[in-house]
Every structure is written in C-alpha cells, then in structure tokens.
2 protein chains.
Amino acid sequence: MSTHTHPSSAESLITAQGGRITRTRVAVLEILLAADQSLTHDEIGLALAEQGIKHDRVTLYRTLDWLVESGVAHKMAGDDRARRFGVAASGPHEHAHFHCDRCGKVVCLEGLQPAVAVNLPGGYQLDRAELVLHGACPTCGKGA
Amino acid sequence: MSTHTHPSSAESLITAQGGRITRTRVAVLEILLAADQSLTHDEIGLALAEQGIKHDRVTLYRTLDWLVESGVAHKMAGDDRARRFGVAASGPHEHAHFHCDRCGKVVCLEGLQPAVAVNLPGGYQLDRAELVLHGACPTCGKGA
DNA sequence: GGCGCAAATGCTACTATGTTGCAAAACCAC
DNA sequence: GTGGTTTTGCAACATAGTAGCATTTGCGCC
Ligand SMILES: [Mn+2]
Ligand SMILES: [Mn+2]
Ligand SMILES: [Zn+2]
Ligand SMILES: [Zn+2]
C-alpha cells in the first residue's frame, strides 16, 4: 500500500526496541495503546479480526510475549486463567491496577503509586511492588 | 481407626465453615497450614500421595475451591499458569505476599499491611488491596 | 448402633490457554 | 534488488482447569 507514511508511535516504539515492523505487531500495539483496559489474547485476536487483519493464534502469543520482553507491554495473570496485556501510555510500567471482581475488567491506574511502607524480613531482595485493587468498576457498581 | 481423637485445628476450621470432615479435606488443610509457602494444586497432590492418601485430581480441585470459597484459604494466580493456595495461620487473609521471580516461590508476609494511600478515580468501589512484592527470596538471592 | 439423605468423591470426557518445532514468507541493511 | 535474519503459519502437543453423573461417605436423627 502507501510507502510514504510517517512512522506511527506504535512503529517508533517497535523500532526503538530493535524489532521489525510487521502488520500484526503494529496493529496489536495500536490496539493496546488505544485500550482503556488490559486485554486478553482472545480479545486482541478478536479486535484484529474485526480490522480484517488475518493472523495466527500462535503469532499473536509470540507478538505479545515480545512486547512484554521488550518492556513495551505488561502482562497480568488474572483470576480467570487468562493473561491480560496493556501498555502504559507513557514511561515504564510503574503503577497500580484495578481489577473489577464482577466483570473481570482490569484498568491501569496511571499516576497511582503504591506508597508501600514495607519492612521485609531479612534476606529478601525487593525488585518491585505490584498493587492490585479489587472491587467494582463504575459500570458494575451501579446496581449495588 | 481411632474414634476418640480430639478435633484437629484443621477439623475445627472445616466444621466451622459448615463442611464435612473428609480425609482429603483434612489432609489438604493440614498441608496448607504446615506449609511456609503457597502451594500449587500439583504440589498438594504430590504431598497427599506421599502421605498415602489416595485422591482424585478433580476432587482436589474441588477441595481447594471449597477452601477458598469458605474463606479458609486464598488463591493466587502466578506468572506460570498455576494457582497457588495458602492459609493464613490466624485470622482472615489480609496481608501481602512475596513472589520470588527466580524460583517462583510465594510466601505470605503476615503482619505486613499494604498501607495503601490510594485515591481512586470516581465510581470505583474498593473492596480490598492485593500487594505482591517481587524480587529474590533468601535462597535465590545468595548468589547475587 | 443403624437409616436416610445431602454432601463429597471418582471417573470420563471436555474446554481453554499456552507451547514447540519447523518450513515458508516477510523485513530490511546493504 | 539480494541475502540473511526475523517473523509468521501450521500442525501437533502440553498443561491447568471444568462439567456431568453415578457411587460413596459423613453425619443428624432416632
Ligand atoms: Mn498497567
Ligand atoms: Mn497469604
Ligand atoms: Zn466491572
Ligand atoms: Zn527463590
């Protein structure tokens, strides 16, 4: 198609990590960037299909893994047995998450720092703290 | 066997939740109570087998689910795709966890309260906060 | 102690999610 | 454009968990 487009922010992110620009990679990253919540492999696959982007299940798994390994995206293990993926719109992934226990939605709470006052028992080396708040999202909380 | 034993703390816990005393349930709960870390379904099954307690895979899943639903045990989704189970030795499950990113071990940090200073965006109803600290456990951190 | 019935178990089959190996295709530095 | 490397697609496999249903077991009651 058109060969003279400016690189999208998705494309820049990909090349910045030393990855090649491919249709699936760009589309997945754009989907994640546009999402207001973390998405499962399945949801992303569906979104791709809706955009008419043909893809293989395994390729999508590998694409997502690559995004996580590259530090572009983050992965969260949910209570249902599906991992959810998201990208922090800006900067590294240093924020808390909200998990709606009713609909299962997970949203990033950017600008919400754990402020964890921990004194670990001796010997433990702390790398990072992961904070997940549980409750009801605005949509689900309505009928409470 | 002997019919005049005093109820173990495991048995008390089970009856307190309105459950029936069964071999598997008691054994599983005792395993969890004795463990110094969260255990996977598989690890618990292995422990049962070592004790010569015959059981079915599905029964163990249901036993663990029941313990969680009853509020006796807690369940954590790990990065590997296995859930880990544990019981707080005393009181409800209101503490942080430490996850060793090298060996995958998860330990309960009882007496370590999140102290989360959060102001959620409007509409979100907070039920509970889940704090997981990531890093290296004493064993794995040695060679660092 | 024994009965009756609900709760729990064991089996089998099935689903969902993720992984591996390898050949074909697509990128991109040159 | 070409060549070598990365990425993809496909098929087969692995793992963790679930569902239905007949059988067994715990236990309140007599
Ligand atoms: Mn996030
Ligand atoms: Mn715990
Ligand atoms: Zn919700
Ligand atoms: Zn460790």
# chains A, B, ... in the order shown; residues from 1 in each chain; ligands from 1
call {"tool": "closest_atom_pairs", "arguments": {"of": "chain C", "to": "chain A", "cutoff": "9 Å", "atoms": "only C-alpha atoms (C1' of nucleotides)", "output": "CSV"}}
result
residue,atom,partner,partner_atom,distance
C:DA16,C1',A:Arg81,CA,8.3
C:DT17,C1',A:Ala82,CA,7.0
C:DG18,C1',A:Tyr61,CA,8.1
C:DT19,C1',A:Val58,CA,8.8
C:DA26,C1',A:Thr22,CA,8.4
C:DC27,C1',A:Arg20,CA,6.6
C:DC28,C1',A:Arg20,CA,8.2
call {"tool": "residues_around", "arguments": {"residues": "DG28 (chain D)", "least_positions_apart": "2", "cutoff": "12 Å", "atoms": "only C-alpha atoms (C1' of nucleotides)", "output": "list in words"}}
result
DC3, DG4, DC5 and DA6 of chain C; DG26 and DC30 of chain D
call {"tool": "interface_residues", "arguments": {"of": "chain D", "to": "chain B", "cutoff": "10 Å", "atoms": "only C-alpha atoms (C1' of nucleotides)", "output": "list in words"}}
result
DT15, DA16, DG17, DT18, DT25, DG26 and DC27 of chain D
call {"tool": "select_by_dssp", "arguments": {"residues": "chain B", "states": "alpha helix (DSSP H)", "output": "PDB file with N, CA and C atoms, in the first residue's frame"}}
result
ATOM      1  N   SER B   9      -7.027 -28.712  64.559  1.00  0.00           N
ATOM      2  CA  SER B   9      -7.419 -27.350  64.199  1.00  0.00           C
ATOM      3  C   SER B   9      -7.944 -27.335  62.772  1.00  0.00           C
ATOM      4  N   ALA B  10      -7.434 -28.236  61.955  1.00  0.00           N
ATOM      5  CA  ALA B  10      -7.951 -28.344  60.591  1.00  0.00           C
ATOM      6  C   ALA B  10      -9.420 -28.747  60.627  1.00  0.00           C
ATOM      7  N   GLU B  11      -9.717 -29.756  61.435  1.00  0.00           N
ATOM      8  CA  GLU B  11     -11.103 -30.230  61.526  1.00  0.00           C
ATOM      9  C   GLU B  11     -12.031 -29.142  62.060  1.00  0.00           C
ATOM     10  N   SER B  12     -11.560 -28.429  63.056  1.00  0.00           N
ATOM     11  CA  SER B  12     -12.376 -27.331  63.598  1.00  0.00           C
ATOM     12  C   SER B  12     -12.678 -26.308  62.522  1.00  0.00           C
ATOM     13  N   LEU B  13     -11.652 -25.948  61.778  1.00  0.00           N
ATOM     14  CA  LEU B  13     -11.821 -24.960  60.719  1.00  0.00           C
ATOM     15  C   LEU B  13     -12.867 -25.417  59.714  1.00  0.00           C
ATOM     16  N   ILE B  14     -12.822 -26.693  59.392  1.00  0.00           N
ATOM     17  CA  ILE B  14     -13.744 -27.222  58.388  1.00  0.00           C
ATOM     18  C   ILE B  14     -15.185 -27.196  58.893  1.00  0.00           C
ATOM     19  N   THR B  15     -15.389 -27.707  60.097  1.00  0.00           N
ATOM     20  CA  THR B  15     -16.752 -27.720  60.632  1.00  0.00           C
ATOM     21  C   THR B  15     -17.273 -26.313  60.863  1.00  0.00           C
ATOM     22  N   ALA B  16     -16.375 -25.411  61.247  1.00  0.00           N
ATOM     23  CA  ALA B  16     -16.785 -24.023  61.461  1.00  0.00           C
ATOM     24  C   ALA B  16     -17.360 -23.411  60.189  1.00  0.00           C
ATOM     25  N   ARG B  23     -11.307 -37.199  54.649  1.00  0.00           N
ATOM     26  CA  ARG B  23      -9.879 -37.456  54.704  1.00  0.00           C
ATOM     27  C   ARG B  23      -9.104 -36.431  53.881  1.00  0.00           C
ATOM     28  N   THR B  24      -9.538 -36.259  52.633  1.00  0.00           N
ATOM     29  CA  THR B  24      -8.818 -35.358  51.736  1.00  0.00           C
ATOM     30  C   THR B  24      -8.840 -33.926  52.256  1.00  0.00           C
ATOM     31  N   ARG B  25      -9.983 -33.477  52.682  1.00  0.00           N
ATOM     32  CA  ARG B  25     -10.116 -32.103  53.145  1.00  0.00           C
ATOM     33  C   ARG B  25      -9.210 -31.828  54.327  1.00  0.00           C
ATOM     34  N   VAL B  26      -9.252 -32.726  55.292  1.00  0.00           N
ATOM     35  CA  VAL B  26      -8.411 -32.537  56.475  1.00  0.00           C
ATOM     36  C   VAL B  26      -6.941 -32.539  56.090  1.00  0.00           C
ATOM     37  N   ALA B  27      -6.556 -33.515  55.283  1.00  0.00           N
ATOM     38  CA  ALA B  27      -5.148 -33.628  54.906  1.00  0.00           C
ATOM     39  C   ALA B  27      -4.693 -32.399  54.144  1.00  0.00           C
ATOM     40  N   VAL B  28      -5.510 -31.934  53.199  1.00  0.00           N
ATOM     41  CA  VAL B  28      -5.136 -30.765  52.403  1.00  0.00           C
ATOM     42  C   VAL B  28      -4.960 -29.555  53.305  1.00  0.00           C
ATOM     43  N   LEU B  29      -5.911 -29.374  54.187  1.00  0.00           N
ATOM     44  CA  LEU B  29      -5.834 -28.208  55.065  1.00  0.00           C
ATOM     45  C   LEU B  29      -4.618 -28.285  55.971  1.00  0.00           C
ATOM     46  N   GLU B  30      -4.311 -29.479  56.448  1.00  0.00           N
ATOM     47  CA  GLU B  30      -3.123 -29.611  57.297  1.00  0.00           C
ATOM     48  C   GLU B  30      -1.854 -29.329  56.509  1.00  0.00           C
ATOM     49  N   ILE B  31      -1.841 -29.777  55.281  1.00  0.00           N
ATOM     50  CA  ILE B  31      -0.679 -29.491  54.431  1.00  0.00           C
ATOM     51  C   ILE B  31      -0.510 -27.989  54.265  1.00  0.00           C
ATOM     52  N   LEU B  32      -1.625 -27.320  54.004  1.00  0.00           N
ATOM     53  CA  LEU B  32      -1.552 -25.872  53.802  1.00  0.00           C
ATOM     54  C   LEU B  32      -1.149 -25.157  55.083  1.00  0.00           C
ATOM     55  N   LEU B  33      -1.701 -25.626  56.196  1.00  0.00           N
ATOM     56  CA  LEU B  33      -1.367 -24.981  57.474  1.00  0.00           C
ATOM     57  C   LEU B  33       0.111 -25.140  57.811  1.00  0.00           C
ATOM     58  N   ALA B  34       0.667 -26.282  57.424  1.00  0.00           N
ATOM     59  CA  ALA B  34       2.059 -26.554  57.766  1.00  0.00           C
ATOM     60  C   ALA B  34       3.036 -25.895  56.792  1.00  0.00           C
ATOM     61  N   HIS B  41      -1.797 -26.773  43.090  1.00  0.00           N
ATOM     62  CA  HIS B  41      -2.617 -27.978  43.084  1.00  0.00           C
ATOM     63  C   HIS B  41      -1.739 -29.210  42.972  1.00  0.00           C
ATOM     64  N   ASP B  42      -0.770 -29.127  42.081  1.00  0.00           N
ATOM     65  CA  ASP B  42       0.094 -30.262  41.813  1.00  0.00           C
ATOM     66  C   ASP B  42       0.947 -30.623  43.016  1.00  0.00           C
ATOM     67  N   GLU B  43       1.509 -29.623  43.650  1.00  0.00           N
ATOM     68  CA  GLU B  43       2.359 -29.852  44.814  1.00  0.00           C
ATOM     69  C   GLU B  43       1.555 -30.467  45.950  1.00  0.00           C
ATOM     70  N   ILE B  44       0.340 -29.990  46.111  1.00  0.00           N
ATOM     71  CA  ILE B  44      -0.509 -30.528  47.171  1.00  0.00           C
ATOM     72  C   ILE B  44      -0.877 -31.972  46.862  1.00  0.00           C
ATOM     73  N   GLY B  45      -1.181 -32.221  45.601  1.00  0.00           N
ATOM     74  CA  GLY B  45      -1.492 -33.590  45.189  1.00  0.00           C
ATOM     75  C   GLY B  45      -0.337 -34.537  45.461  1.00  0.00           C
ATOM     76  N   LEU B  46       0.857 -34.041  45.193  1.00  0.00           N
ATOM     77  CA  LEU B  46       2.046 -34.846  45.440  1.00  0.00           C
ATOM     78  C   LEU B  46       2.192 -35.135  46.927  1.00  0.00           C
ATOM     79  N   ALA B  47       1.989 -34.101  47.736  1.00  0.00           N
ATOM     80  CA  ALA B  47       2.100 -34.262  49.189  1.00  0.00           C
ATOM     81  C   ALA B  47       1.085 -35.285  49.688  1.00  0.00           C
ATOM     82  N   LEU B  48      -0.127 -35.229  49.143  1.00  0.00           N
ATOM     83  CA  LEU B  48      -1.152 -36.197  49.519  1.00  0.00           C
ATOM     84  C   LEU B  48      -0.680 -37.611  49.169  1.00  0.00           C
ATOM     85  N   ALA B  49      -0.181 -37.749  47.980  1.00  0.00           N
ATOM     86  CA  ALA B  49       0.278 -39.064  47.528  1.00  0.00           C
ATOM     87  C   ALA B  49       1.371 -39.596  48.452  1.00  0.00           C
ATOM     88  N   GLU B  50       2.287 -38.709  48.851  1.00  0.00           N
ATOM     89  CA  GLU B  50       3.375 -39.126  49.733  1.00  0.00           C
ATOM     90  C   GLU B  50       2.846 -39.616  51.073  1.00  0.00           C
ATOM     91  N   ARG B  57      -7.740 -36.140  41.069  1.00  0.00           N
ATOM     92  CA  ARG B  57      -7.341 -34.793  40.661  1.00  0.00           C
ATOM     93  C   ARG B  57      -8.488 -33.799  40.814  1.00  0.00           C
ATOM     94  N   VAL B  58      -9.652 -34.195  40.319  1.00  0.00           N
ATOM     95  CA  VAL B  58     -10.803 -33.293  40.338  1.00  0.00           C
ATOM     96  C   VAL B  58     -11.241 -33.006  41.769  1.00  0.00           C
ATOM     97  N   THR B  59     -11.227 -34.023  42.596  1.00  0.00           N
ATOM     98  CA  THR B  59     -11.609 -33.826  43.989  1.00  0.00           C
ATOM     99  C   THR B  59     -10.707 -32.792  44.638  1.00  0.00           C
ATOM    100  N   LEU B  60      -9.438 -32.870  44.327  1.00  0.00           N
ATOM    101  CA  LEU B  60      -8.508 -31.914  44.912  1.00  0.00           C
ATOM    102  C   LEU B  60      -8.836 -30.503  44.439  1.00  0.00           C
ATOM    103  N   TYR B  61      -9.135 -30.359  43.154  1.00  0.00           N
ATOM    104  CA  TYR B  61      -9.543 -29.035  42.652  1.00  0.00           C
ATOM    105  C   TYR B  61     -10.750 -28.543  43.439  1.00  0.00           C
ATOM    106  N   ARG B  62     -11.718 -29.429  43.624  1.00  0.00           N
ATOM    107  CA  ARG B  62     -12.941 -29.003  44.304  1.00  0.00           C
ATOM    108  C   ARG B  62     -12.688 -28.717  45.779  1.00  0.00           C
ATOM    109  N   THR B  63     -11.839 -29.499  46.379  1.00  0.00           N
ATOM    110  CA  THR B  63     -11.492 -29.253  47.778  1.00  0.00           C
ATOM    111  C   THR B  63     -10.864 -27.869  47.938  1.00  0.00           C
ATOM    112  N   LEU B  64      -9.934 -27.566  47.066  1.00  0.00           N
ATOM    113  CA  LEU B  64      -9.259 -26.272  47.141  1.00  0.00           C
ATOM    114  C   LEU B  64     -10.240 -25.140  46.878  1.00  0.00           C
ATOM    115  N   ASP B  65     -11.099 -25.328  45.888  1.00  0.00           N
ATOM    116  CA  ASP B  65     -12.108 -24.304  45.614  1.00  0.00           C
ATOM    117  C   ASP B  65     -12.976 -24.072  46.843  1.00  0.00           C
ATOM    118  N   TRP B  66     -13.349 -25.156  47.472  1.00  0.00           N
ATOM    119  CA  TRP B  66     -14.212 -25.036  48.650  1.00  0.00           C
ATOM    120  C   TRP B  66     -13.506 -24.264  49.761  1.00  0.00           C
ATOM    121  N   LEU B  67     -12.253 -24.561  49.965  1.00  0.00           N
ATOM    122  CA  LEU B  67     -11.490 -23.859  50.998  1.00  0.00           C
ATOM    123  C   LEU B  67     -11.427 -22.363  50.703  1.00  0.00           C
ATOM    124  N   VAL B  68     -11.278 -22.033  49.440  1.00  0.00           N
ATOM    125  CA  VAL B  68     -11.202 -20.618  49.068  1.00  0.00           C
ATOM    126  C   VAL B  68     -12.565 -19.949  49.243  1.00  0.00           C
ATOM    127  N   GLU B  69     -13.599 -20.608  48.734  1.00  0.00           N
ATOM    128  CA  GLU B  69     -14.946 -20.043  48.861  1.00  0.00           C
ATOM    129  C   GLU B  69     -15.339 -19.850  50.321  1.00  0.00           C
ATOM    130  N   PRO B 138      15.455 -15.342  50.023  1.00  0.00           N
ATOM    131  CA  PRO B 138      16.768 -15.526  50.653  1.00  0.00           C
ATOM    132  C   PRO B 138      17.615 -16.590  49.963  1.00  0.00           C
ATOM    133  N   THR B 139      16.995 -17.705  49.633  1.00  0.00           N
ATOM    134  CA  THR B 139      17.744 -18.787  48.991  1.00  0.00           C
ATOM    135  C   THR B 139      18.313 -18.361  47.642  1.00  0.00           C
ATOM    136  N   CYS B 140      17.452 -17.773  46.809  1.00  0.00           N
ATOM    137  CA  CYS B 140      17.868 -17.413  45.455  1.00  0.00           C
ATOM    138  C   CYS B 140      18.774 -16.188  45.446  1.00  0.00           C
ATOM    139  N   GLY B 141      18.636 -15.326  46.435  1.00  0.00           N
ATOM    140  CA  GLY B 141      19.407 -14.091  46.452  1.00  0.00           C
ATOM    141  C   GLY B 141      20.855 -14.294  46.840  1.00  0.00           C
TER     142      GLY B 141
END
call {"tool": "interface_residues", "arguments": {"of": "chain A", "to": "chain B", "cutoff": "6 Å", "atoms": "only C-alpha atoms", "output": "ChimeraX atom specification"}}
result
/A:77,123-138
call {"tool": "residues_around", "arguments": {"residues": "DA13 (chain C)", "least_positions_apart": "5", "cutoff": "12 Å", "atoms": "only C-alpha atoms (C1' of nucleotides)", "output": "JSON, numbers by chain"}}
result
{"D": [18, 19, 20, 21]}
call {"tool": "write_last_selection", "arguments": {"atoms": "N, CA, C and O atoms (P, O5', C5', C4', C3', O3' and C1' of nucleotides)", "output": "PDB file, in the first residue's frame"}}
result
ATOM      1  P    DT D  18     -11.635 -24.216  37.159  1.00  0.00           P
ATOM      2  O5'  DT D  18     -12.567 -25.089  36.190  1.00  0.00           O
ATOM      3  C5'  DT D  18     -12.657 -24.717  34.840  1.00  0.00           C
ATOM      4  C4'  DT D  18     -13.792 -25.477  34.201  1.00  0.00           C
ATOM      5  C3'  DT D  18     -15.020 -25.684  35.083  1.00  0.00           C
ATOM      6  O3'  DT D  18     -16.155 -25.423  34.288  1.00  0.00           O
ATOM      7  C1'  DT D  18     -14.218 -27.775  34.331  1.00  0.00           C
ATOM      8  P    DA D  19     -17.631 -25.489  34.824  1.00  0.00           P
ATOM      9  O5'  DA D  19     -18.140 -26.901  34.297  1.00  0.00           O
ATOM     10  C5'  DA D  19     -17.946 -27.237  32.931  1.00  0.00           C
ATOM     11  C4'  DA D  19     -18.873 -28.385  32.560  1.00  0.00           C
ATOM     12  C3'  DA D  19     -20.101 -28.525  33.453  1.00  0.00           C
ATOM     13  O3'  DA D  19     -21.166 -29.008  32.644  1.00  0.00           O
ATOM     14  C1'  DA D  19     -18.713 -30.433  33.694  1.00  0.00           C
ATOM     15  P    DG D  20     -22.598 -29.289  33.252  1.00  0.00           P
ATOM     16  O5'  DG D  20     -22.648 -30.885  33.274  1.00  0.00           O
ATOM     17  C5'  DG D  20     -22.231 -31.607  32.120  1.00  0.00           C
ATOM     18  C4'  DG D  20     -22.557 -33.080  32.262  1.00  0.00           C
ATOM     19  C3'  DG D  20     -23.805 -33.386  33.081  1.00  0.00           C
ATOM     20  O3'  DG D  20     -24.372 -34.578  32.535  1.00  0.00           O
ATOM     21  C1'  DG D  20     -21.924 -34.292  34.185  1.00  0.00           C
ATOM     22  P    DC D  21     -25.807 -35.120  33.024  1.00  0.00           P
ATOM     23  O5'  DC D  21     -25.406 -36.403  33.876  1.00  0.00           O
ATOM     24  C5'  DC D  21     -24.426 -37.302  33.358  1.00  0.00           C
ATOM     25  C4'  DC D  21     -24.090 -38.334  34.400  1.00  0.00           C
ATOM     26  C3'  DC D  21     -25.216 -38.603  35.422  1.00  0.00           C
ATOM     27  O3'  DC D  21     -25.208 -39.973  35.733  1.00  0.00           O
ATOM     28  C1'  DC D  21     -23.279 -38.038  36.548  1.00  0.00           C
TER      29       DC D  21
END
call {"tool": "residues_near_ligand", "arguments": {"ligand": "ligand 2", "cutoff": "8 Å", "atoms": "only C-alpha atoms (C1' of nucleotides) and all ligand atoms", "output": "list in words"}}
result
Ser38, His74, Phe85, Gly86, Val87, Ala88, His93, Glu94, His95, Ala96, His97, Val107, Cys108, Leu109 and Glu110 of chain B
call {"tool": "closest_residue", "arguments": {"among": "A:Gly52, A:Gly18, A:Gly111, A:Gly104", "to": "ligand 1", "atoms": "only C-alpha atoms and all ligand atoms"}}
result
A:Gly111
call {"tool": "select_by_dssp", "arguments": {"residues": "region 35-101 of chain A", "states": "strand (DSSP E or B)", "output": "ChimeraX atom specification"}}
result
/A:39-40,73-77,83-87,96-100
